[in-house]
Amino acid sequence: MNTDRYLNSTAPVPTIEQEQYLNDLDRGDDDCRKGHPHKEGQSHAYDIAYGARYVLEQMQSAGAIE
């Protein structure tokens, strides 16, 4: 496997803050998807993802979307 395209990539490396934001999005989505209660005091990214997943599941269960 040729790894040159990965080693010589010019793609920007995410900052620590961006990486944390993405991790929080994943945690919020995952918690909601697994049926865990919303955790108070989390980041805004966590709240956004949890809420978005909740709305998606409500719309799916109502038959509004597949």
# chains A, B, ... in the order shown; residues from 1 in each chain; ligands from 1
>>> select_by_dssp(residues="chain A", states="alpha helix (DSSP H)", output="count of residues only")
40
>>> residues_around(residues="segment 11-21 of chain A", least_positions_apart="2", cutoff="9 Å", atoms="only C-alpha atoms", output="PyMOL selection string")
chain A and resi 9+23-26+43-46
>>> write_last_selection(atoms="N, CA and C atoms", output="JSON list (two decimals), in the first residue's frame")
[["chain", "number", "residue", "atom", "x", "y", "z"],
["A", 9, "SER", "N", 0.28, 14.70, 2.81],
["A", 9, "SER", "CA", -1.00, 15.40, 2.72],
["A", 9, "SER", "C", -0.84, 16.86, 3.12],
["A", 23, "ASN", "N", -15.18, 15.52, 19.14],
["A", 23, "ASN", "CA", -15.37, 14.46, 20.13],
["A", 23, "ASN", "C", -16.67, 14.66, 20.90],
["A", 24, "ASP", "N", -16.95, 15.91, 21.27],
["A", 24, "ASP", "CA", -18.19, 16.20, 22.00],
["A", 24, "ASP", "C", -19.42, 15.95, 21.14],
["A", 25, "LEU", "N", -19.34, 16.27, 19.85],
["A", 25, "LEU", "CA", -20.45, 15.95, 18.94],
["A", 25, "LEU", "C", -20.69, 14.44, 18.92],
["A", 26, "ASP", "N", -19.63, 13.69, 18.81],
["A", 26, "ASP", "CA", -19.75, 12.22, 18.79],
["A", 26, "ASP", "C", -20.34, 11.69, 20.09],
["A", 43, "SER", "N", -20.64, 20.33, 27.03],
["A", 43, "SER", "CA", -20.35, 21.42, 26.10],
["A", 43, "SER", "C", -21.54, 21.69, 25.17],
["A", 44, "HIS", "N", -21.47, 22.82, 24.51],
["A", 44, "HIS", "CA", -22.51, 23.20, 23.54],
["A", 44, "HIS", "C", -22.56, 22.18, 22.40],
["A", 45, "ALA", "N", -21.41, 21.69, 21.98],
["A", 45, "ALA", "CA", -21.36, 20.69, 20.90],
["A", 45, "ALA", "C", -22.09, 19.41, 21.31],
["A", 46, "TYR", "N", -21.90, 18.98, 22.55],
["A", 46, "TYR", "CA", -22.58, 17.80, 23.07],
["A", 46, "TYR", "C", -24.10, 18.03, 23.02]]
>>> decode(residues="chain A", atoms="C-alpha atoms", output="CSV table (one decimal), in the first residue's frame")
chain,number,residue,atom,x,y,z
A,1,MET,CA,0.0,0.0,0.0
A,2,ASN,CA,1.4,3.4,-1.0
A,3,THR,CA,1.2,5.8,2.0
A,4,ASP,CA,2.6,8.8,0.2
A,5,ARG,CA,-0.7,10.5,-0.1
A,6,TYR,CA,-1.2,10.3,3.7
A,7,LEU,CA,2.3,11.2,4.6
A,8,ASN,CA,2.5,14.1,2.2
A,9,SER,CA,-1.0,15.4,2.7
A,10,THR,CA,-1.5,19.2,2.8
A,11,ALA,CA,-4.8,18.7,4.7
A,12,PRO,CA,-4.9,21.0,7.7
A,13,VAL,CA,-4.4,19.3,11.1
A,14,PRO,CA,-7.3,20.1,13.4
A,15,THR,CA,-6.5,22.1,16.5
A,16,ILE,CA,-7.1,20.7,20.0
A,17,GLU,CA,-10.3,22.8,20.2
A,18,GLN,CA,-11.6,21.5,16.9
A,19,GLU,CA,-10.8,17.9,17.9
A,20,GLN,CA,-12.6,18.4,21.3
A,21,TYR,CA,-15.6,19.9,19.5
A,22,LEU,CA,-15.8,16.9,17.2
A,23,ASN,CA,-15.4,14.5,20.1
A,24,ASP,CA,-18.2,16.2,22.0
A,25,LEU,CA,-20.4,16.0,18.9
A,26,ASP,CA,-19.8,12.2,18.8
A,27,ARG,CA,-20.4,11.8,22.5
A,28,GLY,CA,-23.7,13.6,22.4
A,29,ASP,CA,-24.9,11.7,19.4
A,30,ASP,CA,-23.8,8.4,20.9
A,31,ASP,CA,-25.4,9.0,24.3
A,32,CYS,CA,-28.7,9.8,22.7
A,33,ARG,CA,-28.5,6.9,20.2
A,34,LYS,CA,-27.9,4.4,23.1
A,35,GLY,CA,-30.7,5.8,25.1
A,36,HIS,CA,-28.6,7.4,27.8
A,37,PRO,CA,-30.1,10.4,29.6
A,38,HIS,CA,-28.8,13.8,28.6
A,39,LYS,CA,-25.8,14.8,30.8
A,40,GLU,CA,-26.1,18.3,32.2
A,41,GLY,CA,-23.1,20.6,32.2
A,42,GLN,CA,-21.6,19.3,29.0
A,43,SER,CA,-20.4,21.4,26.1
A,44,HIS,CA,-22.5,23.2,23.5
A,45,ALA,CA,-21.4,20.7,20.9
A,46,TYR,CA,-22.6,17.8,23.1
A,47,ASP,CA,-26.0,19.5,23.5
A,48,ILE,CA,-26.3,20.2,19.8
A,49,ALA,CA,-25.6,16.6,18.8
A,50,TYR,CA,-27.8,15.1,21.5
A,51,GLY,CA,-30.7,17.3,20.5
A,52,ALA,CA,-30.2,16.7,16.8
A,53,ARG,CA,-30.2,12.9,17.3
A,54,TYR,CA,-33.3,13.2,19.5
A,55,VAL,CA,-35.2,15.2,16.9
A,56,LEU,CA,-34.1,12.7,14.2
A,57,GLU,CA,-35.4,9.7,16.2
A,58,GLN,CA,-38.7,11.5,17.0
A,59,MET,CA,-39.3,12.3,13.3
A,60,GLN,CA,-38.4,8.7,12.3
A,61,SER,CA,-40.7,7.2,14.9
A,62,ALA,CA,-43.5,9.5,13.8
A,63,GLY,CA,-43.0,8.4,10.2
A,64,ALA,CA,-42.1,11.8,9.0
A,65,ILE,CA,-38.8,10.5,7.6
A,66,GLU,CA,-37.1,7.2,7.0
